[in-house]
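The block underneath contains the structure these notes are about, expressed in structure tokens.
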Amino acid sequence: MEQVVNLPDNISGLHIHFVGIKGTGMAALVEILFHNGAIITGSDVSERFYTDEILEKLGLKALPFSKENITDDIQYVIYSSAYKLDKNPDLIQAQEKGIPCLLYSQALGSYSSKAYSAGVCGVHGKTSTTGLVGSILKEIDLPSQILAGSIIKSFGDTCTYTSPLIKDKKSDEKNIFVAETCEYQRHFMSFCPQKIILTSVEPDHQDYYPTYQDIRDAFVDYLCKLPQGGDVIYCADDKGACESVELAKNKRPDINLIPYGQKADGDFKLTFGPVENEKNHFGISLFTKDAQKEGDFDSSAFFAIKMPGRHEVLDAAAALALVCRLLIQYGKNPLDYYEQIKKGLLNFAGGKRRSEIIGEFKTGTGNSVLVIDDYGHHPTAVNTTLQGFRQFYKGRKIIVDFMSHTYSRTQALLKEFAQAFSSADQVILHKIYSSARENPADFNINGRTLFQEVSKNHKNVHYFEEILDAKDYVLSELDKNPGPEYPDGYLFVTMGAGDNWKIGKEILNNH
């Protein structure tokens, strides 16, 4: 049986070496431990990633992998699941020296056990919801730390936020720790939650969860990790989330169910307001008192976010619900914090690759082009995100460049992908961006298969095997008159978990 390794309660002055330090989660954990006084070193590949900027702000630089990195003063090693104990030279040397080695998920779980922790989970919306929670908590007098799975603009272009109240805290009361927790390979089972947000449950990661029941049961097991009377804040509008909560409640009748959404009863029933001036307005019953009918709007009682899509409003409702429950936990009245919550929500400007505005330019023919990049790679995320863009940018013609990620996901959800692009005026597709975990020869589909299926449902679909092969075509399309129904010009969206974001950068560099 594998020995469980835990980080000590006090990590100030502790030397920790990170193997795969440039990973998004790894860099975020580096930030958290660094701000708690740990001495950090790390290693990774030489290729530059956006996380290099996070590390450089802390005065850190990734070393090349080498057994020489493992010096005698290193007390713990934390490593990414991308690297193996018996293959990586740093890890082999650490084991020879008898230095305790923890997977990222184990280290995150160990850290979470020492705080009053809340885990954000779900197939969709984890990063945005965690970012929204942190953006609100920045305005609230609670000792909190937040760890998101991407750079969050309102955190100051980093993945984490640490409240100054943590350093000034005099009492023995535990700090709040809110983290994005991942379902893949059941990584979230290492986390020690007091409260959980569950945004959504549906088929995904088919290489690990072949059936819907497999992934649903993983979420059920995670919910059952809650302590007696622990809160599960779940989306009442999501069928899979409701089913998972019901199954967990059967196993653990003591769990406290807190629904949010349009279909929710109780404090966090959601009312959608208008989409105006590139803002989504919404009401929450705890603050509006009366659950108002759809379409009713009183700006003095409603909140707003500057992000497109009803799914982002649901994420905001989840974040708001967690913050209110934390305020109650710490003996405060959420109704006293309306203005702070409102300000925090408005401050949220998304995260890296989450409806991220990359730039805007005018073509030679005078058309305005807004370029956005988004990580959406599941058909539900693709569909809801494009619907949000259609609402937000009514006056723009939408061209989406999509690259599907993993053969297993594309094959399992082919019918759903085929119907996911209805909100776009034009669709550009490429080869499938494979995963190191799968062999393309094991599947009977490819990028053209997806192209053929999408073409059955959409009249304007184009295929370019390689990403940059589409560049000249896109530039020529953006030069055309978008038509009288699109007075604001074009919205060019790169979408997916592949590397087709590169074409967005190329289009911008051309102007």
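Chain labels follow the order of the structure tokens: the first chain is A, the next B, and so on; residue numbering restarts at 1 in every chain, and ligands are counted from 1 in their shown order.
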
Write out as a list of chain:residue names the residues lying within 8 Å of A:Asp204, counting only C-alpha atoms and excluding same-chain residues fewer than 3 positions away.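 Result of the neighbour search: A:Val123, A:Tyr209, A:Tyr212, A:Ile215, A:His378, A:Arg409.
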
Can you pull out every residue from stretch 119-153 of chain A that DSSP, working from the backbone, puts in alpha helix (DSSP H), and format the result as a PyMOL selection string? chain A and resi 126-137

Give me the residues near stretch 398-405 of chain A as a ChimeraX atom specification, where near means some atom within 7 Å (using only C-alpha atoms) and where sequence neighbours in that chain fewer than 2 positions away do not count. /A:377,396,407,410,424-434,490-498,500

Please write the residues from the selection above to a file, keeping C-alpha atoms, as a PDB file, in the first residue's frame.
```pdb
ATOM      1  CA  HIS A 377     -13.604  21.753 -25.957  1.00  0.00           C
ATOM      2  CA  ARG A 396     -20.918  41.090 -35.272  1.00  0.00           C
ATOM      3  CA  TYR A 407      -9.982  11.230 -30.464  1.00  0.00           C
ATOM      4  CA  THR A 410     -14.615  13.417 -30.479  1.00  0.00           C
ATOM      5  CA  ALA A 424     -21.775  30.784 -35.456  1.00  0.00           C
ATOM      6  CA  ASP A 425     -22.127  32.191 -38.975  1.00  0.00           C
ATOM      7  CA  GLN A 426     -19.122  30.277 -40.232  1.00  0.00           C
ATOM      8  CA  VAL A 427     -17.130  27.301 -38.897  1.00  0.00           C
ATOM      9  CA  ILE A 428     -13.515  26.327 -39.624  1.00  0.00           C
ATOM     10  CA  LEU A 429     -12.293  22.891 -38.538  1.00  0.00           C
ATOM     11  CA  HIS A 430      -8.893  21.131 -38.421  1.00  0.00           C
ATOM     12  CA  LYS A 431      -7.317  17.779 -37.649  1.00  0.00           C
ATOM     13  CA  ILE A 432      -7.947  16.401 -34.165  1.00  0.00           C
ATOM     14  CA  TYR A 433      -5.484  17.513 -31.497  1.00  0.00           C
ATOM     15  CA  SER A 434      -4.481  14.200 -29.988  1.00  0.00           C
ATOM     16  CA  TYR A 490     -16.666  40.490 -37.235  1.00  0.00           C
ATOM     17  CA  LEU A 491     -15.989  38.337 -34.186  1.00  0.00           C
ATOM     18  CA  PHE A 492     -13.231  35.802 -34.893  1.00  0.00           C
ATOM     19  CA  VAL A 493     -13.125  33.077 -32.238  1.00  0.00           C
ATOM     20  CA  THR A 494     -10.444  30.431 -31.767  1.00  0.00           C
ATOM     21  CA  MET A 495     -11.874  27.650 -29.649  1.00  0.00           C
ATOM     22  CA  GLY A 496     -10.677  24.324 -28.254  1.00  0.00           C
ATOM     23  CA  ALA A 497      -8.028  22.714 -26.060  1.00  0.00           C
ATOM     24  CA  GLY A 498      -5.577  22.406 -28.958  1.00  0.00           C
ATOM     25  CA  ASN A 500      -5.300  26.677 -32.898  1.00  0.00           C
TER      26      ASN A 500
END
```

Among the residues A:Lys456, A:Lys362, A:Arg216, A:Arg437, the one that comes closest to A:Asp479 [using only C-alpha atoms]: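 Nearest to A:Asp479: A:Lys362.
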
Can you pull out every residue from stretch 14-233 of chain A that DSSP, working from the backbone, puts in strand (DSSP E or B), and format the result as a VMD selection string? chain A and resid 15 to 19 39 to 43 63 76 to 79 101 to 103 116 to 121 144 to 152 158 to 162 176 to 180 195 to 198 231 to 233

I'd like the contact shell of A:Val120 - 7 Å cut-off, only C-alpha atoms, skipping same-chain residues fewer than 3 positions apart - returned as a PyMOL selection string. chain A and resi 126+130+179-181+196-198

Contacts of stretch 69-73 of chain A at 8 Å (only C-alpha atoms; same-chain gap of 3+ positions) as a PyMOL selection string: chain A and resi 15+17+43+63+65-66+90+93-94

Just N, CA and C atoms for this one: save the residues we selected as an mmCIF file, in the first residue's frame.
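Okay, this is what ended up in out00.cif:
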```cif
data_model
loop_
_atom_site.group_PDB
_atom_site.id
_atom_site.type_symbol
_atom_site.label_atom_id
_atom_site.label_comp_id
_atom_site.auth_asym_id
_atom_site.auth_seq_id
_atom_site.Cartn_x
_atom_site.Cartn_y
_atom_site.Cartn_z
ATOM 1 N N HIS A 15 12.120 23.771 2.061
ATOM 2 C CA HIS A 15 12.577 23.767 0.670
ATOM 3 C C HIS A 15 11.820 22.685 -0.100
ATOM 4 N N HIS A 17 10.882 21.211 -4.007
ATOM 5 C CA HIS A 17 11.261 21.203 -5.418
ATOM 6 C C HIS A 17 10.076 20.695 -6.245
ATOM 7 N N SER A 43 11.829 22.307 -11.921
ATOM 8 C CA SER A 43 12.384 21.933 -13.223
ATOM 9 C C SER A 43 11.259 21.684 -14.214
ATOM 10 N N LEU A 63 14.525 24.987 -14.055
ATOM 11 C CA LEU A 63 15.789 24.361 -14.447
ATOM 12 C C LEU A 63 15.508 23.215 -15.410
ATOM 13 N N PHE A 65 15.539 19.369 -16.526
ATOM 14 C CA PHE A 65 15.489 18.151 -15.713
ATOM 15 C C PHE A 65 16.896 17.583 -15.537
ATOM 16 N N SER A 66 17.257 17.272 -14.298
ATOM 17 C CA SER A 66 18.578 16.706 -14.021
ATOM 18 C C SER A 66 18.621 16.206 -12.578
ATOM 19 N N ASP A 90 15.034 13.834 -11.978
ATOM 20 C CA ASP A 90 14.851 14.508 -10.687
ATOM 21 C C ASP A 90 14.169 13.568 -9.690
ATOM 22 N N GLN A 93 16.358 10.564 -8.557
ATOM 23 C CA GLN A 93 17.354 11.003 -7.573
ATOM 24 C C GLN A 93 16.710 11.297 -6.213
ATOM 25 N N ALA A 94 15.527 11.907 -6.241
ATOM 26 C CA ALA A 94 14.835 12.227 -4.987
ATOM 27 C C ALA A 94 14.519 10.951 -4.209
#
```

Find the spatial neighbours of A:Asp217, counting only C-alpha atoms, within a cut-off of 10 Å - ignore same-chain residues fewer than 4 positions away - and output them as a list of chain:residue names.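 Result of the neighbour search: A:Val201, A:Tyr209, A:Tyr212, A:Gln213, A:Asp221, A:Tyr222, A:Leu223, A:Ser244, A:Leu247, A:Ala248.
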
Applying 9 Å and only C-alpha atoms, which residues near A:Val275 remain after dropping the ones on its own chain fewer than 4 positions away? List them as a list of chain:residue names.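 The residues satisfying every condition are A:Lys279, A:Asn280, A:His281, A:Pro308, A:Gln391, A:Phe392.
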
Atoms to include: N, CA, C and O atoms. Write the selected residues as an mmCIF file, in the first residue's frame.
```cif
data_model
loop_
_atom_site.group_PDB
_atom_site.id
_atom_site.type_symbol
_atom_site.label_atom_id
_atom_site.label_comp_id
_atom_site.auth_asym_id
_atom_site.auth_seq_id
_atom_site.Cartn_x
_atom_site.Cartn_y
_atom_site.Cartn_z
ATOM 1 N N LYS A 279 -22.996 43.467 -20.741
ATOM 2 C CA LYS A 279 -23.095 42.973 -19.365
ATOM 3 C C LYS A 279 -24.291 42.032 -19.260
ATOM 4 O O LYS A 279 -25.339 42.279 -19.853
ATOM 5 N N ASN A 280 -24.138 40.955 -18.496
ATOM 6 C CA ASN A 280 -25.233 40.061 -18.141
ATOM 7 C C ASN A 280 -25.763 40.469 -16.772
ATOM 8 O O ASN A 280 -25.005 40.471 -15.791
ATOM 9 N N HIS A 281 -27.042 40.817 -16.675
ATOM 10 C CA HIS A 281 -27.650 41.190 -15.401
ATOM 11 C C HIS A 281 -28.457 40.016 -14.863
ATOM 12 O O HIS A 281 -29.081 39.271 -15.628
ATOM 13 N N PRO A 308 -19.809 37.018 -21.388
ATOM 14 C CA PRO A 308 -20.933 36.575 -22.213
ATOM 15 C C PRO A 308 -21.417 35.172 -21.853
ATOM 16 O O PRO A 308 -20.637 34.311 -21.448
ATOM 17 N N GLN A 391 -25.364 36.560 -28.138
ATOM 18 C CA GLN A 391 -26.128 37.523 -27.333
ATOM 19 C C GLN A 391 -25.352 38.810 -27.097
ATOM 20 O O GLN A 391 -25.878 39.915 -27.227
ATOM 21 N N PHE A 392 -24.090 38.649 -26.727
ATOM 22 C CA PHE A 392 -23.246 39.785 -26.333
ATOM 23 C C PHE A 392 -22.875 40.656 -27.524
ATOM 24 O O PHE A 392 -22.817 41.872 -27.413
#
```

Atomic distance atom CA of A:Ala27 - atom CA of A:Pro64, expressed in Å with one decimal: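 So the two atoms, atom CA of A:Ala27 and atom CA of A:Pro64, lie 16.0 Å apart.
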